[in-house]
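Participant: So here's input-v6.tsv, just TSV, C-alpha atoms:
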```tsv
chain	number	residue	atom	x	y	z
A	22	MET	CA	41.11	-2.28	5.72
A	23	SER	CA	41.89	-5.00	3.17
A	24	SER	CA	41.09	-8.58	4.11
A	25	THR	CA	43.92	-10.77	5.33
A	26	LEU	CA	44.64	-14.45	5.04
A	27	LEU	CA	47.16	-16.61	6.87
A	28	PRO	CA	48.88	-19.53	5.16
A	29	ASP	CA	47.22	-22.93	5.30
A	30	TYR	CA	49.60	-25.85	5.81
A	31	ALA	CA	46.89	-28.34	6.85
A	32	GLY	CA	45.38	-29.17	3.46
A	33	GLY	CA	44.69	-25.95	1.59
A	34	GLY	CA	48.09	-24.54	0.68
A	35	ILE	CA	50.79	-24.93	-1.93
A	36	VAL	CA	52.80	-27.12	0.45
A	37	ASN	CA	49.87	-29.55	0.46
A	38	LEU	CA	49.72	-29.57	-3.34
A	39	MET	CA	53.38	-30.53	-3.35
A	40	GLN	CA	52.70	-33.33	-0.88
A	41	SER	CA	50.03	-34.69	-3.24
A	42	VAL	CA	52.46	-34.46	-6.16
A	43	ALA	CA	55.31	-36.03	-4.20
A	44	THR	CA	53.27	-39.01	-3.01
A	45	ALA	CA	51.79	-39.54	-6.48
A	46	CYS	CA	55.30	-39.60	-7.95
A	47	GLY	CA	56.72	-42.15	-5.53
A	48	SER	CA	58.08	-40.14	-2.61
A	49	ALA	CA	58.00	-41.87	0.76
A	50	ARG	CA	58.23	-38.55	2.58
A	51	ALA	CA	54.92	-37.45	4.12
A	52	ARG	CA	55.50	-34.38	6.28
A	53	TYR	CA	52.21	-32.62	5.49
A	54	PRO	CA	48.61	-33.51	4.66
A	55	GLU	CA	47.81	-33.85	0.98
A	56	LEU	CA	45.85	-31.12	-0.76
A	57	ALA	CA	42.19	-31.61	0.07
A	58	ALA	CA	41.14	-30.60	-3.45
A	59	LEU	CA	43.50	-32.96	-5.31
A	60	SER	CA	44.79	-36.17	-3.79
A	61	ALA	CA	47.87	-38.17	-4.63
A	62	ALA	CA	45.63	-41.07	-5.65
A	63	GLN	CA	44.01	-38.90	-8.32
A	64	LEU	CA	47.35	-37.69	-9.66
A	65	ALA	CA	48.90	-41.16	-9.60
A	66	ARG	CA	46.49	-42.39	-12.27
A	67	ALA	CA	48.28	-40.34	-14.93
A	68	ARG	CA	51.48	-41.22	-16.78
A	69	HIS	CA	52.94	-37.72	-16.47
A	70	VAL	CA	52.52	-34.97	-13.88
A	71	VAL	CA	53.33	-31.39	-14.87
A	72	LEU	CA	53.51	-28.35	-12.61
A	73	LEU	CA	53.45	-25.00	-14.40
A	74	VAL	CA	54.43	-22.15	-12.08
A	75	ILE	CA	53.32	-18.69	-13.22
A	76	ASP	CA	55.25	-16.39	-10.92
A	77	GLY	CA	52.91	-13.76	-9.45
A	78	LEU	CA	49.55	-15.09	-10.67
A	79	GLY	CA	47.25	-14.43	-7.74
A	80	LEU	CA	43.66	-15.64	-7.84
A	81	ARG	CA	42.50	-12.01	-7.94
A	82	THR	CA	44.59	-11.32	-11.05
A	83	LEU	CA	43.24	-14.38	-12.84
A	84	ALA	CA	39.65	-13.57	-11.89
A	85	ARG	CA	39.96	-9.99	-13.20
A	86	HIS	CA	41.60	-11.00	-16.46
A	87	THR	CA	38.88	-12.08	-18.86
A	88	ALA	CA	41.30	-12.91	-21.69
A	89	SER	CA	42.51	-16.14	-20.07
A	90	PRO	CA	39.73	-18.58	-21.02
A	91	HIS	CA	41.77	-21.78	-20.86
A	92	LEU	CA	43.08	-21.16	-17.37
A	93	GLN	CA	39.69	-20.03	-16.11
A	94	ARG	CA	37.86	-22.96	-17.68
A	95	HIS	CA	40.02	-25.45	-15.82
A	96	LEU	CA	40.21	-23.62	-12.48
A	97	LEU	CA	39.79	-26.29	-9.83
A	98	GLY	CA	40.00	-23.96	-6.86
A	99	SER	CA	42.55	-21.94	-4.94
A	100	MET	CA	45.25	-22.37	-2.31
A	101	THR	CA	47.26	-20.19	0.01
A	102	SER	CA	50.87	-19.34	-0.48
A	103	VAL	CA	53.34	-19.60	2.38
A	104	PHE	CA	54.54	-16.81	4.65
A	105	PRO	CA	56.05	-14.60	3.52
A	106	SER	CA	54.15	-14.69	0.23
A	107	THR	CA	57.22	-14.20	-1.91
A	108	THR	CA	59.24	-16.01	-4.53
A	109	ALA	CA	62.26	-16.82	-2.37
A	110	SER	CA	60.09	-18.67	0.15
A	111	ALA	CA	57.31	-20.03	-2.06
A	112	ILE	CA	59.38	-21.18	-5.05
A	113	THR	CA	61.61	-23.02	-2.60
A	114	THR	CA	58.46	-24.72	-1.27
A	115	LEU	CA	57.40	-25.66	-4.80
A	116	MET	CA	60.88	-27.04	-5.61
A	117	THR	CA	61.36	-28.94	-2.32
A	118	GLY	CA	57.88	-29.76	-1.02
A	119	LEU	CA	58.88	-28.14	2.29
A	120	ALA	CA	57.33	-25.23	4.18
A	121	PRO	CA	59.56	-22.26	5.10
A	122	ALA	CA	59.68	-23.58	8.67
A	123	GLN	CA	61.63	-26.54	7.28
A	124	HIS	CA	63.62	-25.14	4.34
A	125	GLY	CA	64.49	-21.97	6.24
A	126	LEU	CA	64.35	-19.47	3.35
A	127	THR	CA	62.42	-16.50	4.62
A	128	GLY	CA	62.57	-13.70	2.05
A	129	TRP	CA	64.55	-11.82	-0.58
A	130	HIS	CA	67.10	-10.39	1.86
A	131	MET	CA	68.35	-12.82	4.49
A	132	HIS	CA	71.10	-12.42	7.05
A	133	MET	CA	73.02	-15.69	7.06
A	134	ASP	CA	74.86	-16.28	10.34
A	135	GLU	CA	76.94	-18.99	8.69
A	136	ILE	CA	78.89	-16.37	6.75
A	137	ASP	CA	77.83	-13.28	8.75
A	138	GLN	CA	76.54	-11.54	5.65
A	139	THR	CA	73.15	-10.41	4.34
A	140	LEU	CA	72.38	-11.94	0.95
A	141	SER	CA	69.84	-11.57	-1.80
A	142	ILE	CA	69.01	-15.22	-1.52
A	143	LEU	CA	67.95	-16.05	-5.09
A	144	PRO	CA	71.06	-14.71	-6.84
A	145	LEU	CA	73.12	-15.51	-3.69
A	146	THR	CA	74.84	-12.13	-3.82
A	147	PRO	CA	75.68	-9.87	-0.85
A	148	ARG	CA	73.57	-6.80	-0.15
A	149	LEU	CA	76.60	-4.89	1.12
A	150	GLY	CA	80.33	-5.32	0.66
A	151	PRO	CA	82.37	-7.86	-1.28
A	152	ALA	CA	81.21	-11.45	-1.52
A	153	ARG	CA	82.77	-13.74	1.05
A	154	MET	CA	82.04	-16.80	-1.05
A	155	LEU	CA	81.13	-17.26	-4.70
A	156	PRO	CA	77.46	-18.02	-5.42
A	157	ASP	CA	78.34	-21.54	-6.59
A	158	GLU	CA	79.99	-22.24	-3.24
A	159	LEU	CA	77.11	-21.04	-1.08
A	160	PRO	CA	74.30	-23.63	-1.46
A	161	ALA	CA	76.30	-26.45	0.12
A	162	ARG	CA	77.18	-24.10	2.98
A	163	LEU	CA	73.74	-22.56	3.52
A	164	PHE	CA	71.15	-25.13	2.43
A	165	ASP	CA	70.61	-28.55	3.94
A	166	HIS	CA	67.33	-29.51	2.26
A	167	GLN	CA	66.76	-31.99	-0.55
A	168	SER	CA	65.12	-30.98	-3.78
A	169	LEU	CA	61.73	-32.51	-4.50
A	170	SER	CA	63.19	-34.35	-7.49
A	171	GLN	CA	65.64	-36.18	-5.25
A	172	THR	CA	62.73	-37.76	-3.36
A	173	LEU	CA	60.69	-38.90	-6.38
A	174	ASP	CA	60.68	-42.32	-8.00
A	175	ARG	CA	60.50	-41.21	-11.63
A	176	GLU	CA	62.32	-39.20	-14.25
A	177	CYS	CA	62.21	-35.50	-13.36
A	178	TRP	CA	62.73	-32.35	-15.40
A	179	VAL	CA	63.06	-28.68	-14.45
A	180	ILE	CA	62.34	-26.13	-17.19
A	181	ALA	CA	63.34	-22.52	-16.51
A	182	PRO	CA	64.54	-19.46	-18.43
A	183	ARG	CA	68.03	-19.87	-19.80
A	184	SER	CA	69.12	-16.86	-17.73
A	185	ILE	CA	68.51	-18.68	-14.43
A	186	VAL	CA	68.36	-22.40	-15.20
A	187	GLY	CA	72.04	-22.85	-14.38
A	188	SER	CA	72.18	-20.44	-11.43
A	189	ALA	CA	73.55	-21.73	-8.14
A	190	PHE	CA	70.13	-21.51	-6.48
A	191	ASN	CA	68.31	-23.25	-9.32
A	192	ALA	CA	70.95	-25.93	-9.75
A	193	TRP	CA	70.72	-26.85	-6.05
A	194	HIS	CA	66.93	-27.05	-6.16
A	195	ALA	CA	66.94	-29.04	-9.41
A	196	ARG	CA	69.21	-31.79	-8.12
A	197	GLY	CA	67.87	-35.16	-9.19
A	198	ALA	CA	66.27	-33.66	-12.30
A	199	GLN	CA	67.39	-32.99	-15.82
A	200	THR	CA	67.19	-29.32	-16.75
A	201	LEU	CA	66.06	-27.51	-19.85
A	202	GLY	CA	66.64	-23.78	-20.42
A	203	TYR	CA	64.46	-21.77	-22.75
A	204	ASN	CA	64.40	-18.34	-24.39
A	205	GLY	CA	60.89	-16.90	-24.49
A	206	LEU	CA	57.59	-18.44	-23.47
A	207	PRO	CA	57.01	-20.31	-26.76
A	208	GLY	CA	60.29	-22.11	-26.05
A	209	MET	CA	59.01	-23.26	-22.66
A	210	PHE	CA	55.84	-24.70	-24.15
A	211	ALA	CA	57.74	-26.32	-27.03
A	212	GLY	CA	59.98	-28.04	-24.50
A	213	LEU	CA	56.97	-29.24	-22.51
A	214	GLY	CA	55.34	-30.67	-25.60
A	215	GLU	CA	58.46	-32.64	-26.50
A	216	LEU	CA	58.84	-34.09	-22.99
A	217	LEU	CA	55.22	-35.19	-22.68
A	218	GLN	CA	54.56	-37.23	-25.77
A	219	ALA	CA	52.36	-40.24	-25.05
A	220	ASP	CA	55.20	-42.74	-25.57
A	221	ALA	CA	57.60	-41.00	-23.17
A	222	ARG	CA	58.54	-42.69	-19.91
A	223	PRO	CA	56.58	-41.45	-16.87
A	224	ARG	CA	57.84	-37.98	-15.98
A	225	TYR	CA	57.42	-35.22	-13.45
A	226	VAL	CA	58.04	-31.84	-15.08
A	227	TYR	CA	58.33	-28.52	-13.27
A	228	ALA	CA	58.21	-25.47	-15.54
A	229	TYR	CA	58.63	-21.88	-14.40
A	230	THR	CA	57.88	-18.53	-16.03
A	231	PRO	CA	58.77	-15.15	-14.44
A	232	ASP	CA	57.20	-12.75	-16.97
A	233	LEU	CA	53.97	-11.87	-15.18
A	234	ASP	CA	55.85	-11.21	-11.94
A	235	SER	CA	58.36	-8.94	-13.65
A	236	PHE	CA	55.72	-6.86	-15.42
A	237	SER	CA	53.54	-6.64	-12.29
A	238	HIS	CA	56.48	-5.31	-10.27
A	239	HIS	CA	57.44	-2.71	-12.85
A	240	TYR	CA	54.09	-1.58	-14.21
A	241	GLY	CA	51.41	-2.79	-11.78
A	242	THR	CA	49.10	-5.76	-11.53
A	243	ASP	CA	46.46	-4.40	-13.93
A	244	SER	CA	48.93	-2.91	-16.40
A	245	ARG	CA	48.72	-3.57	-20.11
A	246	GLN	CA	52.08	-5.34	-19.94
A	247	ALA	CA	51.01	-7.71	-17.15
A	248	GLN	CA	47.71	-8.46	-18.85
A	249	GLN	CA	49.47	-9.21	-22.13
A	250	ALA	CA	51.84	-11.62	-20.39
A	251	LEU	CA	48.87	-13.55	-19.00
A	252	THR	CA	47.07	-13.49	-22.36
A	253	ASP	CA	50.17	-14.90	-24.07
A	254	PHE	CA	50.53	-17.62	-21.47
A	255	ASP	CA	46.87	-18.62	-21.76
A	256	SER	CA	47.04	-18.87	-25.53
A	257	LEU	CA	50.09	-21.13	-25.43
A	258	PHE	CA	48.54	-23.14	-22.59
A	259	GLY	CA	45.47	-23.77	-24.77
A	260	ALA	CA	47.69	-24.96	-27.62
A	261	LEU	CA	49.52	-27.30	-25.23
A	262	LEU	CA	46.21	-28.83	-24.11
A	263	ARG	CA	45.38	-29.65	-27.71
A	264	ARG	CA	48.84	-31.08	-28.36
A	265	LEU	CA	48.80	-33.30	-25.27
A	266	ARG	CA	45.29	-34.67	-25.67
A	267	GLY	CA	45.44	-38.41	-25.03
A	268	SER	CA	48.92	-38.31	-23.46
A	269	ASN	CA	47.58	-39.32	-20.00
A	270	THR	CA	49.01	-36.21	-18.31
A	271	TRP	CA	47.92	-34.25	-15.27
A	272	LEU	CA	48.52	-30.58	-16.06
A	273	LEU	CA	48.67	-28.36	-12.99
A	274	ALA	CA	49.17	-24.60	-13.11
A	275	THR	CA	49.54	-22.38	-10.09
A	276	ALA	CA	51.65	-19.58	-8.64
A	277	ASP	CA	54.00	-18.84	-5.80
A	278	HIS	CA	52.11	-15.73	-4.66
A	279	GLY	CA	49.74	-12.98	-5.75
A	280	PHE	CA	50.17	-9.20	-5.86
A	281	ILE	CA	48.90	-5.85	-4.72
A	282	ASP	CA	49.84	-2.39	-5.98
A	283	SER	CA	51.48	0.07	-3.59
A	284	PRO	CA	51.67	3.75	-4.59
A	285	THR	CA	54.76	5.74	-3.70
A	286	ARG	CA	52.83	7.67	-1.03
A	287	ARG	CA	52.43	4.38	0.83
A	288	VAL	CA	56.15	3.64	1.04
A	289	ILE	CA	57.82	4.19	4.40
A	290	ASP	CA	61.43	5.11	3.72
A	291	LEU	CA	63.61	4.31	6.70
A	292	ALA	CA	65.68	7.41	5.90
A	293	ASP	CA	62.71	9.45	7.11
A	294	HIS	CA	62.91	7.68	10.48
A	295	PRO	CA	66.55	8.01	11.59
A	296	GLN	CA	65.67	7.36	15.24
A	297	LEU	CA	64.22	3.99	14.26
A	298	ALA	CA	67.11	3.14	11.94
A	299	ALA	CA	69.56	3.90	14.76
A	300	LEU	CA	67.96	1.17	16.86
A	301	LEU	CA	68.62	-1.56	14.26
A	302	LEU	CA	71.66	-3.81	14.42
A	303	ARG	CA	71.65	-4.27	10.66
A	304	PRO	CA	69.61	-3.20	7.62
A	305	LEU	CA	66.10	-4.52	7.15
A	306	CYS	CA	65.80	-8.08	5.93
A	307	GLY	CA	62.92	-9.98	4.37
A	308	GLU	CA	60.51	-8.08	2.15
A	309	ARG	CA	58.96	-4.65	1.66
A	310	ARG	CA	55.70	-6.16	2.93
A	311	ALA	CA	57.20	-8.27	5.72
A	312	ALA	CA	60.41	-6.80	7.11
A	313	TYR	CA	62.62	-8.50	9.70
A	314	CYS	CA	64.23	-6.21	12.25
A	315	TYR	CA	67.31	-7.09	14.30
A	316	VAL	CA	67.34	-5.12	17.55
A	317	ALA	CA	69.70	-5.38	20.53
A	318	PRO	CA	67.93	-6.33	23.79
A	319	ASP	CA	68.58	-2.95	25.41
A	320	ASN	CA	66.97	-1.14	22.48
A	321	ARG	CA	63.82	-3.23	22.20
A	322	PRO	CA	61.57	-1.10	24.45
A	323	ALA	CA	62.50	2.03	22.47
A	324	PHE	CA	62.02	0.19	19.17
A	325	GLU	CA	58.54	-1.03	20.12
A	326	ALA	CA	57.54	2.39	21.40
A	327	TYR	CA	58.68	4.14	18.22
A	328	VAL	CA	56.85	1.74	15.90
A	329	ARG	CA	53.64	1.95	17.91
A	330	ARG	CA	53.76	5.73	18.10
A	331	HIS	CA	54.85	6.61	14.55
A	332	LEU	CA	54.07	3.66	12.27
A	333	ALA	CA	50.91	2.09	13.70
A	334	ARG	CA	48.83	3.28	10.73
A	335	ALA	CA	51.05	1.31	8.37
A	336	THR	CA	52.29	-1.82	10.12
A	337	HIS	CA	51.55	-4.56	12.59
A	338	LEU	CA	54.44	-5.18	14.97
A	339	TYR	CA	55.16	-8.77	15.97
A	340	ALA	CA	57.91	-10.43	17.90
A	341	SER	CA	59.21	-12.86	15.28
A	342	GLU	CA	59.17	-15.72	17.76
A	343	GLU	CA	55.39	-15.21	18.05
A	344	LEU	CA	54.97	-15.81	14.32
A	345	ILE	CA	57.10	-18.95	14.48
A	346	ALA	CA	55.07	-20.28	17.41
A	347	ALA	CA	51.78	-19.40	15.69
A	348	GLY	CA	52.78	-21.46	12.62
A	349	TRP	CA	53.00	-18.67	10.05
A	350	PHE	CA	56.13	-20.25	8.54
A	351	GLY	CA	54.74	-23.77	8.84
A	352	PRO	CA	54.39	-26.49	11.45
A	353	PRO	CA	57.28	-27.87	13.51
A	354	PRO	CA	59.88	-29.26	13.50
A	355	HIS	CA	61.57	-25.97	12.65
A	356	HIS	CA	64.79	-25.38	10.76
A	357	PRO	CA	67.53	-24.89	13.35
A	358	ARG	CA	68.33	-21.41	11.98
A	359	LEU	CA	64.75	-20.25	11.39
A	360	ALA	CA	64.66	-17.90	14.38
A	361	ALA	CA	67.99	-16.31	13.42
A	362	ARG	CA	66.74	-15.71	9.88
A	363	VAL	CA	63.62	-13.75	10.85
A	364	GLY	CA	65.17	-11.28	13.29
A	365	ASP	CA	63.74	-10.13	16.59
A	366	TYR	CA	60.68	-8.40	15.15
A	367	THR	CA	58.62	-8.65	11.98
A	368	LEU	CA	56.85	-5.62	10.54
A	369	VAL	CA	53.83	-7.01	8.66
A	370	MET	CA	52.54	-4.13	6.57
A	371	LYS	CA	48.87	-3.16	6.57
A	372	ASP	CA	46.67	-2.45	3.56
A	373	ASN	CA	48.97	-1.44	0.66
A	374	TRP	CA	51.86	-0.04	2.73
A	375	THR	CA	55.49	-1.04	2.24
A	376	ILE	CA	58.72	-0.26	4.09
A	377	LYS	CA	62.15	0.10	2.50
A	378	ASP	CA	65.68	1.10	3.37
A	379	TRP	CA	68.43	1.97	0.92
A	380	LEU	CA	72.10	1.35	1.55
A	381	PRO	CA	74.88	3.57	0.21
A	382	GLY	CA	75.60	2.64	-3.39
A	383	GLU	CA	72.36	0.69	-3.90
A	384	LYS	CA	70.58	1.49	-7.15
A	385	ARG	CA	67.19	2.96	-6.28
A	386	TYR	CA	64.12	1.81	-8.15
A	387	ALA	CA	60.38	2.11	-7.84
A	388	MET	CA	58.22	-0.98	-7.44
A	389	VAL	CA	54.53	-0.64	-8.28
A	390	GLY	CA	53.38	-4.21	-7.66
A	391	VAL	CA	54.47	-5.82	-4.41
A	392	HIS	CA	53.94	-9.00	-2.41
A	393	GLY	CA	55.15	-10.76	0.71
A	394	GLY	CA	52.31	-9.78	3.05
A	395	ILE	CA	49.13	-11.44	4.24
A	396	SER	CA	46.44	-9.68	2.20
A	397	THR	CA	44.13	-12.08	0.43
A	398	SER	CA	45.36	-10.75	-2.93
A	399	GLU	CA	48.95	-11.69	-2.06
A	400	MET	CA	48.19	-14.98	-0.33
A	401	ARG	CA	45.56	-16.68	-2.50
A	402	VAL	CA	46.72	-18.37	-5.68
A	403	PRO	CA	44.73	-20.38	-8.24
A	404	LEU	CA	44.93	-24.08	-8.91
A	405	VAL	CA	44.29	-24.94	-12.53
A	406	ALA	CA	44.15	-28.71	-12.96
A	407	LEU	CA	43.07	-31.11	-15.70
A	408	HIS	CA	43.81	-34.62	-16.90
A	409	VAL	CA	44.46	-34.79	-20.66
```
For the structure just supplied, provide its representation as structure tokens.
Facilitator:
Amino acid sequence: MSSTLLPDYAGGGIVNLMQSVATACGSARARYPELAALSAAQLARARHVVLLVIDGLGLRTLARHTASPHLQRHLLGSMTSVFPSTTASAITTLMTGLAPAQHGLTGWHMHMDEIDQTLSILPLTPRLGPARMLPDELPARLFDHQSLSQTLDRECWVIAPRSIVGSAFNAWHARGAQTLGYNGLPGMFAGLGELLQADARPRYVYAYTPDLDSFSHHYGTDSRQAQQALTDFDSLFGALLRRLRGSNTWLLATADHGFIDSPTRRVIDLADHPQLAALLLRPLCGERRAAYCYVAPDNRPAFEAYVRRHLARATHLYASEELIAAGWFGPPPHHPRLAARVGDYTLVMKDNWTIKDWLPGEKRYAMVGVHGGISTSEMRVPLVALHV
């Protein structure tokens, strides 16, 4: 049995890092404790604050990868992700300073009552059927949270790949900031260097790279491709440190989540369990490692019985309201639609199991590296921090 870890919202998680950053950069909003390992007072001494987000860099991955000397040399400690430990929830936390309990984004697939449609929440596209609204129209309808930049008292920048920097999701979460799109990792670091010269006005810069996450999904967490992506990042990070020396900048690097590998023999395909699928009101939502199930009241006893009899080796079964009450998504007050967005039950997968359903017409694909669950490898992310 692999070790598990629940999210920490009380001083040891990414939401607490963002509270430290927010307070240091002039925000009056104080919903959460600051990060115990790095206070706002420490960060506020610098002219610039930079947050580098390496999508998918779990602490385990960094520890196992010896060819990342700059990141390892400046490792301050580690933090937990949020639940679920996935980009849709955790990147939203990093771009808003809010826990999922407040921002209400709970996974890759989300059923949105406002438009009665299940969306892939980052591209804001429907999982099934024609779009009822264009992606650019959806944020104002579905999201009611501020971006972090809107709360800060300084010039803000968001740096992201050119392919997503202008997306509806990214544009909403970059409100209050200027944006810079890049092609290739050297372009990201070149942009950072230009923004952080010593004579620049005080800035908060958020910079995001998806490469490690993409390679880990496709090839696995210890694959040559994933390792090369981390090596490349570390080399450019080292060059940035040399370039910024004396600029009075806090450089922070962390991740939204970590990873585990899940072999195909550990995938539960809902097509192999038609009795279970027949009890669902709609397709699975959430993640392969944390799936939300919508079940009509009359079918709930049969649903629980089936999961306990046939899937107990692979999954923990929770009533979703239990996870909300236990604080997995964050402390109250809760988003008014949180309960509707996590279904009636949550299947939290054990060990390296996943669960997946495929809808007619969906392109099937294998996924070696996965995340979203509560294993330590998925939940614990590094905090690299130094003042240059």
Participant: Skip stretch 73-84 of chain A itself and residues of its chain fewer than 3 positions away, then list as JSON, numbers by chain all residues within 9 Å of it, counting all atoms listed in the file.
Facilitator: {"A": [87, 89, 92, 93, 99, 100, 107, 108, 112, 115, 226, 227, 228, 229, 230, 231, 232, 233, 234, 235, 237, 242, 243, 248, 251, 254, 272, 273, 274, 275, 276, 277, 278, 279, 280, 392, 397, 398, 399, 400, 401, 402, 403, 404]}
Participant: Tell me which protein, DNA and RNA residues are within 12 Å of A:Leu155, counting all atoms listed in the file, leaving out same-chain ones fewer than 3 positions away, and put them as an NGL selection string.
Facilitator: :A and (136 or 140 or 144-147 or 151-152 or 158-162 or 188-190)
Participant: Compare A:Ile180, A:Gly32, A:Thr139, A:Asp255 by their minimum atom-to-atom distance to A:Val405, counting only C-alpha atoms, and give me the closest one.
Facilitator: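 That would be A:Asp255, the residue with the smallest distance to A:Val405.
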Participant: In Å to one decimal, how far is atom CA of A:Trp178 from atom CA of A:Pro54?
Facilitator: 24.6 Å
Participant: Nearest to A:Phe258: which of A:Leu407, A:Leu338, A:Ala312, A:Ile289 is it, counting only C-alpha atoms?
Facilitator: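 Of A:Leu407, A:Leu338, A:Ala312, A:Ile289, the one nearest A:Phe258, counting only C-alpha atoms, is A:Leu407.
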Participant: Which residue gives the smallest distance to A:Asp365 among A:Phe324, A:Trp193, A:Tyr240, A:Phe164, with only C-alpha atoms counted?
Facilitator: A:Phe324
Participant: Using only C-alpha atoms, can you tell me which of A:Gly382, A:Gly125, A:Pro295, A:Gly33 comes closest to A:Pro353?
Facilitator: A:Gly125
Participant: Using only C-alpha atoms for the distances, tell me which of A:Val363, A:Thr113, A:Ser141, A:Trp271 is nearest to A:Gln63.
Facilitator: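 The shortest atom-to-atom distance to A:Gln63 comes from A:Trp271.
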Participant: Find the spatial neighbours of A:Val369, counting all atoms listed in the file, within a cut-off of 8 Å - ignore same-chain residues fewer than 6 positions away - and output them as a list in words.
Facilitator: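 The contact residues come out as Arg310, Ala311, Ala312, Thr336, His337, Leu338, Tyr339, Gly394 and Ile395 of chain A.
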Participant: What's the separation between atom CA of A:Pro28 and atom CA of A:Leu56, in Å to one decimal place?
Facilitator: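 Separation of atom CA of A:Pro28 and atom CA of A:Leu56: 13.4 Å.
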Participant: Between A:Ser168, A:Phe104, A:Asp174, A:Arg85, which residue has the minimum interatomic distance to A:Ala49, considering all atoms listed in the file?
Facilitator: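 Ranked by minimum distance to A:Ala49, first place goes to A:Asp174.
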Participant: Have a look at atom CA of A:Glu342 and atom CA of A:Leu169 and let me know their distance in Å, one decimal.
Facilitator: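 Between these atoms lies a distance of 28.0 Å.
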Participant: Leaving out A:Ala31 and any residue of its chain fewer than 4 positions from it, which residues lie within 10 Å of it when counting all atoms listed in the file, given as a list in words?
Facilitator: Val36, Asn37, Tyr53, Pro54, Glu55, Leu56, Ala57, Gly351 and Pro352 of chain A
